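Peer 1: Please see the structure below; I have some questions.
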Amino acid sequence: MLLQAAASISNWKIQFSSSIASQPAKIFQQQTPVKTMISTFQSNDQKFGRFFTKTARVPQNSLNEQDTIEKVKHFLNGTNGFHKDPQKAVELLKKLVDNGSTRAIIMYAGMIENGVGIQKADVELAGRYYKQASEKDKSPESSLMYLQFLERHHKQEELESYIKNIEGEGDGDRLFILGLFSLHKNELDKCDQYLKQSISKGNVKRLLFFGFGP
């Protein structure tokens with residue numbers, strides 16, 4: 001059955017470049033996880049939205065991590081009986097960062113990038129934390145966040161270098177993310193290329209899950 005799925009998607013991929021050019025809106029309107037992930041690229045006007053990303057992987061045994069992150073959110077927003085205190089949010093989050101939580105590292109980077117709970121925004125320091133998260137677990141999610149950061153701040157040389165690293169490692173999941181990233185930039189040939197490479201690495205189930213099946 002998996003082989004049939006692979007063959008079916010491969011057949012769809014042959015037609016991908018021409019069909020996507022005429023129907024880009026259809027892909028962005030689908031109620032699938034693809035829409036959720038691509039919409040993160042369009043959240044720059046919602047300054048704090050990316051702090052609360054649900055894309056980062058959370059280990060099953062991380063109840064304490066989840067509780068702490070919930071408290072951080074309450075301190076940021078002044079909800080659930082908490083007084084609004086961004087500095088306290090930073091203090092709590094830093095403890096998780098020091099313990100190596102990738103999710104916390106990404107949130108912490110976002111707060112530093114926007115100067116929330118600290119004296120002033122520091123783009124360079126934020127970039128180091130985004131990069132740390134992407135190198136720590138090499139997940140598609142942390143890779144996506146770092147790609148977004150580099151594009152947001154026009155760090156073209158670093159962006160190109162990071163993309164080449166992903167290409168060289170040949171991870172199917174992260175190649176899939178490059179496909180979405182290229183789609184966001186309307187680079188349809190590159191999107192086609194990365195998704196084909198992702199399929200060649202056996203990443204068929206993920207493509208089906210994200211709604212790229214026939």
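Convention: chains lettered A, B, ... in structure tokens order; per-chain residue numbering from 1; ligands numbered from 1 as shown.
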Write out as an mmCIF file with C-alpha atoms, in the first residue's frame each polymer residue whose atoms come within 9 Å of range 110-120 of chain A, counting only C-alpha atoms; drop sequence neighbours fewer than 4 positions from it.

Peer 2:
```cif
data_model
loop_
_atom_site.group_PDB
_atom_site.id
_atom_site.type_symbol
_atom_site.label_atom_id
_atom_site.label_comp_id
_atom_site.auth_asym_id
_atom_site.auth_seq_id
_atom_site.Cartn_x
_atom_site.Cartn_y
_atom_site.Cartn_z
ATOM 1 C CA LYS A 47 4.301 40.480 16.855
ATOM 2 C CA PHE A 48 4.049 37.859 19.564
ATOM 3 C CA ARG A 50 5.383 33.098 16.933
ATOM 4 C CA PHE A 51 6.311 32.843 20.626
ATOM 5 C CA LEU A 76 3.274 37.765 29.184
ATOM 6 C CA ASP A 85 5.283 40.642 34.066
ATOM 7 C CA PRO A 86 7.412 40.045 30.922
ATOM 8 C CA GLN A 87 10.634 40.077 32.971
ATOM 9 C CA LYS A 88 9.341 37.222 35.116
ATOM 10 C CA ALA A 89 8.404 35.398 31.927
ATOM 11 C CA VAL A 90 11.985 35.747 30.684
ATOM 12 C CA GLU A 91 13.352 34.532 34.020
ATOM 13 C CA ILE A 105 14.941 28.216 23.147
ATOM 14 C CA ILE A 106 12.709 29.184 20.217
ATOM 15 C CA GLU A 124 22.102 39.018 16.603
ATOM 16 C CA LEU A 125 21.624 37.286 19.963
ATOM 17 C CA ALA A 126 18.177 36.082 18.909
ATOM 18 C CA GLY A 127 19.717 34.598 15.784
ATOM 19 C CA TYR A 129 19.365 31.093 19.845
ATOM 20 C CA TYR A 130 17.310 30.256 16.750
#
```

Peer 1: Please report the interatomic distance between CA of Leu188 in chain A and CA of Lys138 in chain A in Å with one decimal.

Peer 2: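 Between CA of Leu188 in chain A and CA of Lys138 in chain A the gap works out to 24.6 Å.
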
Peer 1: What's around His74 in chain A at 12 Å? Count only C-alpha atoms, leave out sequence neighbours fewer than 2 positions away in its own chain, and write the answer as an mmCIF file with N, CA, C and O atoms, in the first residue's frame.

Peer 2:
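Just written: out.cif:
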```
data_model
loop_
_atom_site.group_PDB
_atom_site.id
_atom_site.type_symbol
_atom_site.label_atom_id
_atom_site.label_comp_id
_atom_site.auth_asym_id
_atom_site.auth_seq_id
_atom_site.Cartn_x
_atom_site.Cartn_y
_atom_site.Cartn_z
ATOM 1 N N PHE A 52 4.348 31.452 20.592
ATOM 2 C CA PHE A 52 3.506 30.377 21.083
ATOM 3 C C PHE A 52 3.327 29.284 20.043
ATOM 4 O O PHE A 52 2.311 28.615 20.003
ATOM 5 N N ASP A 67 4.109 23.031 31.874
ATOM 6 C CA ASP A 67 3.576 23.888 32.939
ATOM 7 C C ASP A 67 4.306 25.226 32.992
ATOM 8 O O ASP A 67 3.693 26.290 33.145
ATOM 9 N N THR A 68 5.637 25.163 32.861
ATOM 10 C CA THR A 68 6.429 26.388 32.909
ATOM 11 C C THR A 68 6.111 27.293 31.731
ATOM 12 O O THR A 68 5.969 28.515 31.884
ATOM 13 N N ILE A 69 5.979 26.711 30.560
ATOM 14 C CA ILE A 69 5.670 27.507 29.371
ATOM 15 C C ILE A 69 4.288 28.141 29.491
ATOM 16 O O ILE A 69 4.081 29.292 29.079
ATOM 17 N N GLU A 70 3.348 27.424 30.088
ATOM 18 C CA GLU A 70 2.021 28.015 30.317
ATOM 19 C C GLU A 70 2.123 29.222 31.256
ATOM 20 O O GLU A 70 1.466 30.246 31.049
ATOM 21 N N LYS A 71 2.940 29.096 32.296
ATOM 22 C CA LYS A 71 3.140 30.222 33.207
ATOM 23 C C LYS A 71 3.788 31.402 32.486
ATOM 24 O O LYS A 71 3.430 32.566 32.727
ATOM 25 N N VAL A 72 4.750 31.102 31.636
ATOM 26 C CA VAL A 72 5.402 32.153 30.850
ATOM 27 C C VAL A 72 4.364 32.917 30.035
ATOM 28 O O VAL A 72 4.353 34.163 30.002
ATOM 29 N N LEU A 76 3.211 36.864 30.331
ATOM 30 C CA LEU A 76 3.274 37.765 29.184
ATOM 31 C C LEU A 76 1.948 38.476 28.935
ATOM 32 O O LEU A 76 1.909 39.649 28.580
ATOM 33 N N ASN A 77 0.857 37.747 29.144
ATOM 34 C CA ASN A 77 -0.461 38.280 28.798
ATOM 35 C C ASN A 77 -1.255 38.807 29.989
ATOM 36 O O ASN A 77 -2.283 39.461 29.805
ATOM 37 N N GLY A 78 -0.803 38.501 31.219
ATOM 38 C CA GLY A 78 -1.564 38.895 32.390
ATOM 39 C C GLY A 78 -2.876 38.155 32.500
ATOM 40 O O GLY A 78 -3.917 38.749 32.824
ATOM 41 N N THR A 79 -2.856 36.857 32.244
ATOM 42 C CA THR A 79 -4.064 36.038 32.257
ATOM 43 C C THR A 79 -4.027 35.010 33.380
ATOM 44 O O THR A 79 -2.981 34.796 34.013
ATOM 45 N N ASN A 80 -5.181 34.390 33.608
ATOM 46 C CA ASN A 80 -5.308 33.297 34.578
ATOM 47 C C ASN A 80 -4.871 33.702 35.984
ATOM 48 O O ASN A 80 -4.278 32.909 36.730
ATOM 49 N N GLY A 81 -5.139 34.941 36.358
ATOM 50 C CA GLY A 81 -4.796 35.419 37.696
ATOM 51 C C GLY A 81 -3.372 35.903 37.863
ATOM 52 O O GLY A 81 -2.971 36.297 38.965
ATOM 53 N N PHE A 82 -2.573 35.879 36.808
ATOM 54 C CA PHE A 82 -1.184 36.337 36.856
ATOM 55 C C PHE A 82 -1.122 37.825 36.525
ATOM 56 O O PHE A 82 -1.824 38.305 35.633
ATOM 57 N N HIS A 83 -0.268 38.533 37.233
ATOM 58 C CA HIS A 83 0.015 39.917 36.862
ATOM 59 C C HIS A 83 0.939 39.913 35.645
ATOM 60 O O HIS A 83 1.849 39.097 35.551
ATOM 61 N N LYS A 84 0.696 40.831 34.730
ATOM 62 C CA LYS A 84 1.536 40.910 33.540
ATOM 63 C C LYS A 84 2.949 41.297 33.938
ATOM 64 O O LYS A 84 3.173 42.360 34.513
ATOM 65 N N ASP A 85 3.906 40.416 33.629
ATOM 66 C CA ASP A 85 5.283 40.642 34.066
ATOM 67 C C ASP A 85 6.231 39.977 33.066
ATOM 68 O O ASP A 85 6.688 38.844 33.274
ATOM 69 N N PRO A 86 6.537 40.640 31.944
ATOM 70 C CA PRO A 86 7.412 40.045 30.922
ATOM 71 C C PRO A 86 8.788 39.654 31.459
ATOM 72 O O PRO A 86 9.369 38.665 31.002
ATOM 73 N N LYS A 88 9.504 38.504 34.434
ATOM 74 C CA LYS A 88 9.341 37.222 35.116
ATOM 75 C C LYS A 88 9.206 36.095 34.098
ATOM 76 O O LYS A 88 9.723 34.992 34.310
ATOM 77 N N ALA A 89 8.536 36.390 32.993
ATOM 78 C CA ALA A 89 8.404 35.398 31.927
ATOM 79 C C ALA A 89 9.776 35.005 31.395
ATOM 80 O O ALA A 89 10.067 33.814 31.183
ATOM 81 N N VAL A 90 10.626 36.009 31.175
ATOM 82 C CA VAL A 90 11.985 35.747 30.684
ATOM 83 C C VAL A 90 12.766 34.905 31.692
ATOM 84 O O VAL A 90 13.464 33.957 31.334
ATOM 85 N N LEU A 92 11.671 32.779 33.984
ATOM 86 C CA LEU A 92 11.208 31.387 33.986
ATOM 87 C C LEU A 92 11.672 30.648 32.741
ATOM 88 O O LEU A 92 12.127 29.506 32.801
#
```

Peer 1: Determine which residues of range 91-194 of chain A receive a DSSP assignment of alpha helix (DSSP H), computed from the backbone, and state them as a ChimeraX atom specification.

Peer 2: /A:91-98,102-114,123-137,140-152,156-169,172-184,188-194
